[in-house]
Structure formats: structure tokens, C-alpha cells
>>> print(open('model.pdb').read())   # PDB, C-alpha atoms, pLDDT in the B column
ATOM      1  CA  MET A   1      -2.074  -1.723  -0.193  1.00 61.00           C
ATOM      2  CA  VAL A   2      -1.289   1.910  -0.751  1.00 71.00           C
ATOM      3  CA  VAL A   3      -4.158   3.908   0.697  1.00 67.00           C
ATOM      4  CA  GLY A   4      -5.982   6.063  -1.831  1.00 65.00           C
ATOM      5  CA  ASN A   5      -3.836   4.995  -4.774  1.00 59.00           C
ATOM      6  CA  ASN A   6      -5.211   1.719  -5.984  1.00 51.00           C
ATOM      7  CA  GLN A   7      -8.991   1.942  -6.030  1.00 55.00           C
ATOM      8  CA  PRO A   8     -10.282   0.211  -9.153  1.00 54.00           C
ATOM      9  CA  LYS A   9     -13.091   2.066 -10.908  1.00 53.00           C
ATOM     10  CA  GLY A  10     -16.524   0.728 -10.122  1.00 49.00           C
ATOM     11  CA  GLY A  11     -15.374  -1.381  -7.162  1.00 56.00           C
ATOM     12  CA  ASP A  12     -15.899  -0.750  -3.475  1.00 63.00           C
ATOM     13  CA  PHE A  13     -13.042  -2.351  -1.597  1.00 63.00           C
ATOM     14  CA  SER A  14     -13.519  -0.509   1.700  1.00 69.00           C
ATOM     15  CA  GLN A  15     -14.496  -3.771   3.458  1.00 72.00           C
ATOM     16  CA  VAL A  16     -11.410  -5.522   2.067  1.00 72.00           C
ATOM     17  CA  GLN A  17      -9.185  -2.651   3.195  1.00 70.00           C
ATOM     18  CA  LEU A  18     -10.769  -2.666   6.653  1.00 74.00           C
ATOM     19  CA  CYS A  19     -10.134  -6.400   7.057  1.00 77.00           C
ATOM     20  CA  SER A  20      -6.588  -5.998   5.780  1.00 72.00           C
ATOM     21  CA  ASP A  21      -5.959  -3.163   8.266  1.00 72.00           C
ATOM     22  CA  LEU A  22      -7.275  -5.294  11.109  1.00 76.00           C
ATOM     23  CA  LEU A  23      -5.101  -8.283  10.164  1.00 78.00           C
ATOM     24  CA  MET A  24      -1.988  -6.148   9.781  1.00 73.00           C
ATOM     25  CA  MET A  25      -2.520  -4.409  13.124  1.00 74.00           C
ATOM     26  CA  CYS A  26      -3.267  -7.621  15.045  1.00 81.00           C
ATOM     27  CA  LEU A  27      -0.871 -10.097  13.469  1.00 79.00           C
ATOM     28  CA  LEU A  28       2.031  -8.114  12.038  1.00 73.00           C
ATOM     29  CA  ASN A  29       2.044  -4.841  13.982  1.00 69.00           C
ATOM     30  CA  GLY A  30       1.985  -3.026  10.629  1.00 70.00           C
ATOM     31  CA  LYS A  31      -0.071  -0.359   8.914  1.00 71.00           C
ATOM     32  CA  GLU A  32      -1.160   0.808   5.507  1.00 73.00           C
ATOM     33  CA  ARG A  33       0.422   3.976   4.157  1.00 80.00           C
ATOM     34  CA  THR A  34      -0.460   6.666   1.687  1.00 84.00           C
ATOM     35  CA  GLU A  35       1.872   7.155  -1.269  1.00 87.00           C
ATOM     36  CA  THR A  36       3.379  10.223   0.431  1.00 90.00           C
ATOM     37  CA  GLU A  37       4.103   8.244   3.621  1.00 90.00           C
ATOM     38  CA  LEU A  38       5.559   5.406   1.548  1.00 88.00           C
ATOM     39  CA  ASN A  39       7.778   7.843  -0.373  1.00 92.00           C
ATOM     40  CA  ASN A  40       9.084   9.397   2.863  1.00 93.00           C
ATOM     41  CA  LEU A  41       9.755   5.963   4.377  1.00 91.00           C
ATOM     42  CA  LEU A  42      11.626   4.633   1.326  1.00 93.00           C
ATOM     43  CA  MET A  43      13.712   7.793   0.880  1.00 95.00           C
ATOM     44  CA  ALA A  44      14.648   7.772   4.599  1.00 95.00           C
ATOM     45  CA  ALA A  45      15.679   4.109   4.218  1.00 94.00           C
ATOM     46  CA  GLY A  46      18.080   5.042   1.400  1.00 94.00           C
ATOM     47  CA  PHE A  47      16.173   3.903  -1.680  1.00 95.00           C
ATOM     48  CA  SER A  48      16.545   6.063  -4.782  1.00 94.00           C
ATOM     49  CA  GLY A  49      13.049   5.494  -6.127  1.00 92.00           C
ATOM     50  CA  TYR A  50      10.027   3.246  -6.255  1.00 92.00           C
ATOM     51  CA  LYS A  51       7.228   2.082  -8.512  1.00 91.00           C
ATOM     52  CA  ILE A  52       3.695   1.099  -7.508  1.00 88.00           C
ATOM     53  CA  VAL A  53       1.997  -1.454  -9.767  1.00 87.00           C
ATOM     54  CA  ARG A  54      -1.713  -2.051  -9.220  1.00 81.00           C
ATOM     55  CA  ALA A  55      -2.337  -5.780  -8.899  1.00 76.00           C
ATOM     56  CA  ILE A  56      -5.441  -7.778  -8.041  1.00 73.00           C
ATOM     57  CA  GLY A  57      -8.275  -5.738  -6.524  1.00 68.00           C
ATOM     58  CA  PRO A  58      -7.066  -3.242  -3.933  1.00 68.00           C
ATOM     59  CA  ARG A  59      -3.605  -4.816  -3.649  1.00 75.00           C
ATOM     60  CA  SER A  60      -0.479  -3.437  -5.265  1.00 80.00           C
ATOM     61  CA  ILE A  61       3.154  -4.385  -5.794  1.00 85.00           C
ATOM     62  CA  ILE A  62       5.720  -1.887  -4.554  1.00 88.00           C
ATOM     63  CA  GLU A  63       9.120  -2.048  -6.237  1.00 92.00           C
ATOM     64  CA  ALA A  64      11.880  -0.154  -4.396  1.00 93.00           C
ATOM     65  CA  TYR A  65      15.138   0.694  -6.184  1.00 93.00           C
ATOM     66  CA  PRO A  66      18.536   0.964  -4.447  1.00 89.00           C
TER      67      PRO A  66
END
>>> encode(input="model.pdb", output="C-alpha cells")
Amino acid sequence: MVVGNNQPKGGDFSQVQLCSDLLMMCLLNGKERTETELNNLLMAAGFSGYKIVRAIGPRSIIEAYP
């Protein structure tokens, strides 16, 4: 999930995001990022660009280009 970017209109997915945050922190040692944080991370890693595609509910697909 990209925080603040993929909220469908008329849906409240705050509970889903909270559960996702908890799972990521406990199981994968990860975190959700805003689009700005994601951009900085991908550019620092050497990617030339990216595309965020909203998928099911609050989830999204992030395509990173070399």
C-alpha cells in the first residue's frame, strides 16, 4: 500500500491499513510509505521511474523501471 495515495472513494480502509501495518512490522520488518518516500527510495536505488496502479481495495501495484 502507498499511504494516502490509494483510498477508494466511499470506502474506509483504515482498519485494513492498520492490520497491514501490524503484519508488516511483526512478520516482515517492513513499513508502508508515502509516494514521496517511495520515490526517494526508488531513485536512491537507481530506478529511473515508477508507476503506481491502484488494485483491489487499498492495495496497489508498484512498477519500478530500470
>>> closest_residue(input="model.pdb", among="A:Leu18, A:Met25, A:Arg59, A:Lys51", to="A:Asn39", atoms="only C-alpha atoms")
A:Lys51
>>> resolve_selection(input="model.pdb", expression="the PyMOL selection byres ((chain A and resi 65) around 7)", output="ChimeraX atom specification")
/A:47-50,63-64,66
>>> atom_distance(input="model.pdb", atom1="atom CA of A:Cys19", atom2="atom CA of A:Arg54")
18.8 Å
>>> atom_distance(input="model.pdb", atom1="atom CA of A:Thr36", atom2="atom CA of A:Ile52")
12.1 Å
>>> atom_distance(input="model.pdb", atom1="atom CA of A:Leu38", atom2="atom CA of A:Val2")
8.0 Å
>>> residues_around(input="model.pdb", residues="A:Lys31", least_positions_apart="3", cutoff="12 Å", atoms="all atoms listed in the file", output="number ranges by chain")
A: 1-3, 17-28, 34, 37-38
